[in-house]
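Report on the following structure.
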Amino acid sequence: VALYDAKRVGFGGMSIHDGYYASISAVRQGIMNGEFHILYQPCVDMRSGRAVGAEALVRWNHPTRGPISPVEFIPLCEASGSIHALGHWVLEQAVSAAAHWNAAQPPGYEPVGVAVNASARELMTPDYADRAVALCQAAGLSVANLGIEATETDFGTASDNVMVNTEKLRAAGVVISMDDFGTGFSSLERLTRMRLDIMKIDRAFIGTIGSATADAPIADLAIRLGTAMSLGIIAEGVETREQADWLIARGCFLAQGYLYARPLPLDDFVRDWVNIEPD
Ligand code: C2E
Ligand code: CA
Ligand code: CA
Ligand code: CA
């Protein structure tokens with residue numbers, strides 16, 4: 001299964017062993033050896049220029065392969081089953097980091113939340129929601145300051161457990177986001193039946209804003225749809241001032257992207273984006 005999936009994500013000419021670098025034992029070892037770390041990318045309110053939260057993005061510095069992108073290793077972790085150990089570690093680290101950066105906030109400061117990506121494979125495990133809530137309680141983070149991001153396709157997974165977990169998380173007060181909106185396979189009918197808090201517009205639809213040949217009809221549609229459904233809307237991959245202005249003019253105020261910040265090491269994120277004087 002691992003090999004098949006590895007081929008599917010585009011490893012041309014893999015040897016028979018290549019799919020196994022993300023095995024359960026390799027990931028467990030990697031966690032213990034400090035091979036993984038998390039970068040935090042601010043989610044910015046484009047009107048104020050302040051961070052309302054951060055997305056946790058995992059990195060793997062492999063002992064022999066060097067730095068590997070999550071685009072490559074996450075699908076392999078999903079195929080091997082190591083995603084459960086890795087996802088739990090990411091959740092634990094992110095929740096603990098956000099608990100710390102919020103703990104010292106004086107009155108008048110808005111809390112800065114943290115959002116973690118969850119794979120369908122993780123959301124299919126019956127205890128995912130309970131574990132996430134328990135980690136918040138253990139770390140002293142208000143559940144309202146935790147977000148869970150799942151893709152459109154993941155929400156549509158045949159397993160009922162995905163829905164059970166997202167409903168449970170939402171009932172507890174966790175913020176639920178649909179990641180990469182527009183790239184999945186969900187019908188608009190199903191979208192109206194799901195209870196979500198936030199829609200994240202995939203950067204594929206943001207990148208065309210302002211280009212001479214093609215404008216951004218999907219981003220425009222997504223903002224109208226999200227607004228009509230009373231969802232929070234986050235634009236991913238905002239790289240230019242022109243894109244930011246275009247989004248603000250249409251009522252999308254939250255963004256992540258290189259215009260504001262790349263994913264940052266924890267200390268840099270806290271220094272530059274947390275504990276900013278309120279107005
Ligand atoms: P994603 O959830 O859609 O995350 C956004 C990706 O866009 C990140 O890539 C981020 O670095 C990148 N990005 C942000 N702003 C810009 C920009 O302005 N321009 C461009 N070109 N890119 C931008 P990254 O960090 O390589 O992560 C890739 C994917 O890996 C994520 O996509 C997510 O699906 C997955 N991933 C990352 N961490 C985790 C994790 O802890 N668990 C799971 N299940 N998946 C993860
Ligand atoms: Ca995400
Ligand atoms: Ca995304
Ligand atoms: Ca993505």
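How things are named: the first chain in the structure tokens is A, the next is B, and so on; residues count from 1 in each chain; ligands count from 1 in the order shown.
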
List the spatial neighbours of segment 194-201 of chain A as a PDB file with N, CA and C atoms, in the first residue's frame - criterion: any atom at most 8 Å away, only C-alpha atoms, same-chain residues fewer than 2 positions off excluded.
```
ATOM      1  N   GLU A 167     -17.971  16.831  14.579  1.00  0.00           N
ATOM      2  CA  GLU A 167     -19.120  17.325  15.352  1.00  0.00           C
ATOM      3  C   GLU A 167     -18.772  17.442  16.835  1.00  0.00           C
ATOM      4  N   VAL A 175     -12.545  25.148  16.658  1.00  0.00           N
ATOM      5  CA  VAL A 175     -12.873  25.771  15.371  1.00  0.00           C
ATOM      6  C   VAL A 175     -12.577  24.788  14.235  1.00  0.00           C
ATOM      7  N   ILE A 176     -13.564  24.521  13.395  1.00  0.00           N
ATOM      8  CA  ILE A 176     -13.381  23.556  12.308  1.00  0.00           C
ATOM      9  C   ILE A 176     -13.268  24.279  10.968  1.00  0.00           C
ATOM     10  N   SER A 177     -12.170  23.989  10.260  1.00  0.00           N
ATOM     11  CA  SER A 177     -11.936  24.624   8.960  1.00  0.00           C
ATOM     12  C   SER A 177     -11.960  23.615   7.831  1.00  0.00           C
ATOM     13  N   MET A 178     -12.506  24.043   6.693  1.00  0.00           N
ATOM     14  CA  MET A 178     -12.354  23.250   5.483  1.00  0.00           C
ATOM     15  C   MET A 178     -11.167  23.816   4.714  1.00  0.00           C
ATOM     16  N   ASP A 179     -10.132  22.977   4.611  1.00  0.00           N
ATOM     17  CA  ASP A 179      -8.875  23.370   3.974  1.00  0.00           C
ATOM     18  C   ASP A 179      -8.987  23.222   2.456  1.00  0.00           C
ATOM     19  N   ASP A 180      -8.163  23.990   1.746  1.00  0.00           N
ATOM     20  CA  ASP A 180      -8.034  23.838   0.287  1.00  0.00           C
ATOM     21  C   ASP A 180      -9.372  23.895  -0.435  1.00  0.00           C
ATOM     22  N   PHE A 181     -10.256  24.785   0.003  1.00  0.00           N
ATOM     23  CA  PHE A 181     -11.584  24.824  -0.615  1.00  0.00           C
ATOM     24  C   PHE A 181     -11.480  25.009  -2.124  1.00  0.00           C
ATOM     25  N   GLY A 182     -12.256  24.220  -2.839  1.00  0.00           N
ATOM     26  CA  GLY A 182     -12.297  24.318  -4.286  1.00  0.00           C
ATOM     27  C   GLY A 182     -11.500  23.242  -4.996  1.00  0.00           C
ATOM     28  N   ARG A 190     -23.648  18.923  -0.186  1.00  0.00           N
ATOM     29  CA  ARG A 190     -23.082  18.398   1.057  1.00  0.00           C
ATOM     30  C   ARG A 190     -22.503  19.519   1.918  1.00  0.00           C
ATOM     31  N   LEU A 191     -21.951  20.515   1.255  1.00  0.00           N
ATOM     32  CA  LEU A 191     -21.383  21.652   1.979  1.00  0.00           C
ATOM     33  C   LEU A 191     -22.451  22.315   2.857  1.00  0.00           C
ATOM     34  N   THR A 192     -23.654  22.392   2.360  1.00  0.00           N
ATOM     35  CA  THR A 192     -24.714  23.040   3.135  1.00  0.00           C
ATOM     36  C   THR A 192     -25.149  22.180   4.324  1.00  0.00           C
ATOM     37  N   ARG A 203      -4.770  28.256  -2.415  1.00  0.00           N
ATOM     38  CA  ARG A 203      -3.947  29.292  -3.037  1.00  0.00           C
ATOM     39  C   ARG A 203      -3.949  29.229  -4.567  1.00  0.00           C
ATOM     40  N   PHE A 205      -6.458  29.401  -6.314  1.00  0.00           N
ATOM     41  CA  PHE A 205      -7.470  30.358  -6.772  1.00  0.00           C
ATOM     42  C   PHE A 205      -7.123  31.792  -6.400  1.00  0.00           C
ATOM     43  N   ILE A 206      -6.119  31.944  -5.535  1.00  0.00           N
ATOM     44  CA  ILE A 206      -5.690  33.283  -5.120  1.00  0.00           C
ATOM     45  C   ILE A 206      -4.602  33.787  -6.068  1.00  0.00           C
ATOM     46  N   ALA A 219     -12.231  32.308  -6.564  1.00  0.00           N
ATOM     47  CA  ALA A 219     -12.057  33.015  -5.287  1.00  0.00           C
ATOM     48  C   ALA A 219     -13.265  33.905  -5.028  1.00  0.00           C
ATOM     49  N   ALA A 222     -16.140  31.693  -4.031  1.00  0.00           N
ATOM     50  CA  ALA A 222     -15.926  31.130  -2.692  1.00  0.00           C
ATOM     51  C   ALA A 222     -16.234  32.178  -1.620  1.00  0.00           C
ATOM     52  N   GLY A 226     -19.066  31.587   1.059  1.00  0.00           N
ATOM     53  CA  GLY A 226     -18.688  31.598   2.471  1.00  0.00           C
ATOM     54  C   GLY A 226     -19.437  32.671   3.246  1.00  0.00           C
ATOM     55  N   LEU A 231     -19.654  31.859   7.135  1.00  0.00           N
ATOM     56  CA  LEU A 231     -18.389  31.232   7.508  1.00  0.00           C
ATOM     57  C   LEU A 231     -17.290  32.279   7.598  1.00  0.00           C
ATOM     58  N   GLY A 232     -16.304  32.036   8.442  1.00  0.00           N
ATOM     59  CA  GLY A 232     -15.074  32.803   8.366  1.00  0.00           C
ATOM     60  C   GLY A 232     -14.362  32.388   7.090  1.00  0.00           C
ATOM     61  N   ILE A 233     -13.674  33.311   6.446  1.00  0.00           N
ATOM     62  CA  ILE A 233     -13.006  32.990   5.182  1.00  0.00           C
ATOM     63  C   ILE A 233     -11.537  33.377   5.285  1.00  0.00           C
ATOM     64  N   ILE A 234     -10.670  32.410   4.997  1.00  0.00           N
ATOM     65  CA  ILE A 234      -9.223  32.673   5.002  1.00  0.00           C
ATOM     66  C   ILE A 234      -8.686  32.418   3.598  1.00  0.00           C
ATOM     67  N   ALA A 235      -7.988  33.398   3.048  1.00  0.00           N
ATOM     68  CA  ALA A 235      -7.340  33.219   1.747  1.00  0.00           C
ATOM     69  C   ALA A 235      -5.933  32.688   1.980  1.00  0.00           C
ATOM     70  N   GLU A 236      -5.601  31.590   1.300  1.00  0.00           N
ATOM     71  CA  GLU A 236      -4.265  30.991   1.426  1.00  0.00           C
ATOM     72  C   GLU A 236      -3.352  31.531   0.338  1.00  0.00           C
TER      73      GLU A 236
END
```

* Looking only at alpha helix (DSSP H) from DSSP on the backbone, list the matching residues of segment 76-188 of chain A as an MDAnalysis selection string. => chainID A and resid 76:80 83:103 120:123 128:139 152:155 160:172 188

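Atom pair atom CA of Gly147 of chain A / atom CA of Asn161 of chain A: separated by 18.2 Å.
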
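The binding environment of ligand 1, defined as every protein, DNA or RNA residue with an atom no more than 7 Å away and counting only C-alpha atoms and all ligand atoms, comprises Ala56, Leu57, Val58, Ser69, Pro70, Val71, Ile74, Gly87, Val90, Val116, Asn117, Ala118, Ser119, Asp179, Asp180, Asp202, Glu236, Gly237, Val238, Glu239, Gln256, Gly257, Tyr258, Leu259, Arg262 and Pro263 of chain A.
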
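By only C-alpha atoms, and with residues fewer than 2 positions from Glu110 of chain A along its chain excluded, the set lying at most 12 Å from it is Arg50, Ala51, Val52, Gly53, Trp101, Asn102, Ala103, Ala104, Gln105, Pro106, Pro107, Gly108, Val112, Gly113, Asn145, Trp273, Val274, Asn275, Ile276, Glu277, Pro278 and Asp279 of chain A.
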
I need the residues from that last selection saved to file as a compact mmCIF listing (two decimals), in the first residue's frame (with N, CA, C and O atoms), if you can.
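Written out: out_14.txt:
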```txt
# COMPACT_ATOMS: atom_id res chain seq x y z
N ARG A 50 -2.52 42.41 12.03
CA ARG A 50 -2.22 41.60 13.23
C ARG A 50 -2.55 40.12 12.99
O ARG A 50 -3.45 39.81 12.23
N ALA A 51 -1.87 39.26 13.72
CA ALA A 51 -2.17 37.83 13.64
C ALA A 51 -3.37 37.49 14.52
O ALA A 51 -3.44 37.93 15.66
N VAL A 52 -4.30 36.72 13.98
CA VAL A 52 -5.40 36.20 14.81
C VAL A 52 -5.09 34.76 15.22
O VAL A 52 -5.71 34.22 16.12
N GLY A 53 -4.13 34.16 14.55
CA GLY A 53 -3.77 32.78 14.86
C GLY A 53 -2.58 32.35 14.05
O GLY A 53 -1.98 33.16 13.34
N TRP A 101 2.10 30.84 24.57
CA TRP A 101 2.12 32.21 24.04
C TRP A 101 0.88 32.99 24.44
O TRP A 101 0.90 34.22 24.44
N ASN A 102 -0.19 32.31 24.85
CA ASN A 102 -1.38 33.03 25.32
C ASN A 102 -1.36 33.28 26.83
O ASN A 102 -2.06 34.18 27.31
N ALA A 103 -0.58 32.49 27.55
CA ALA A 103 -0.64 32.53 29.02
C ALA A 103 -0.28 33.91 29.58
O ALA A 103 -0.90 34.38 30.53
N ALA A 104 0.69 34.57 28.96
CA ALA A 104 1.19 35.82 29.53
C ALA A 104 0.49 37.06 28.99
O ALA A 104 0.91 38.18 29.27
N GLN A 105 -0.57 36.86 28.22
CA GLN A 105 -1.23 38.01 27.61
C GLN A 105 -1.96 38.86 28.65
O GLN A 105 -2.86 38.37 29.32
N PRO A 106 -1.63 40.13 28.77
CA PRO A 106 -2.37 41.02 29.69
C PRO A 106 -3.77 41.30 29.14
O PRO A 106 -4.04 41.03 27.96
N PRO A 107 -4.66 41.85 29.99
CA PRO A 107 -6.01 42.18 29.52
C PRO A 107 -5.95 43.13 28.33
O PRO A 107 -5.05 43.97 28.25
N GLY A 108 -6.88 42.98 27.42
CA GLY A 108 -6.92 43.85 26.25
C GLY A 108 -6.26 43.24 25.03
O GLY A 108 -6.42 43.73 23.93
N VAL A 112 -4.34 34.54 20.49
CA VAL A 112 -3.83 34.11 19.19
C VAL A 112 -3.94 32.59 19.14
O VAL A 112 -3.26 31.88 19.90
N GLY A 113 -4.82 32.10 18.30
CA GLY A 113 -5.11 30.67 18.25
C GLY A 113 -4.09 29.88 17.46
O GLY A 113 -3.16 30.44 16.88
N ASN A 145 -9.36 28.34 21.24
CA ASN A 145 -8.14 28.79 20.58
C ASN A 145 -7.46 27.67 19.79
O ASN A 145 -6.32 27.82 19.34
N TRP A 273 4.77 38.21 16.17
CA TRP A 273 3.33 38.20 15.92
C TRP A 273 2.45 38.06 17.17
O TRP A 273 1.24 38.14 17.08
N VAL A 274 3.05 37.81 18.32
CA VAL A 274 2.26 37.67 19.55
C VAL A 274 2.66 38.78 20.51
O VAL A 274 3.77 39.31 20.42
N ASN A 275 1.75 39.10 21.42
CA ASN A 275 2.02 40.14 22.42
C ASN A 275 2.27 41.50 21.79
O ASN A 275 3.12 42.27 22.23
N ILE A 276 1.52 41.78 20.74
CA ILE A 276 1.59 43.09 20.11
C ILE A 276 0.64 44.00 20.88
O ILE A 276 -0.48 43.61 21.19
N GLU A 277 1.08 45.21 21.20
CA GLU A 277 0.26 46.18 21.96
C GLU A 277 -1.11 46.35 21.31
O GLU A 277 -1.20 46.58 20.11
N PRO A 278 -2.19 46.24 22.11
CA PRO A 278 -3.50 46.53 21.52
C PRO A 278 -3.65 48.03 21.27
O PRO A 278 -2.91 48.82 21.85
N ASP A 279 -4.63 48.40 20.41
CA ASP A 279 -4.84 49.83 20.12
C ASP A 279 -5.35 50.56 21.35
O ASP A 279 -6.10 50.01 22.11
```

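Distances from A:Leu254, A:Cys43, A:Ala139, A:Leu76 to Ala26 of chain A were compared using only C-alpha atoms, and the smallest one belongs to A:Leu76.
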
* **Residue set, segment 36-88 of chain A restricted to strand (DSSP E), as a PyMOL selection string** => chain A and resi 36-45+50-62+66-68

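Of the residues listed (A:Val164, A:Leu146, A:Ala97, A:Ala255), A:Ala255 shows the shortest atom-to-atom separation from Arg47 of chain A; distances use only C-alpha atoms.
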
* Asked: Which residues, written as JSON, numbers by chain, have at least one atom at most 8 Å from Ile223 of chain A, with only C-alpha atoms counted and residues fewer than 5 positions away on the same chain left out?
  -> {"A": [233, 250, 251, 252]}

* Structure fact -> In Å and to one decimal, atom CA of Ala171 of chain A is distant from atom CA of Ala150 of chain A by 16.5 Å
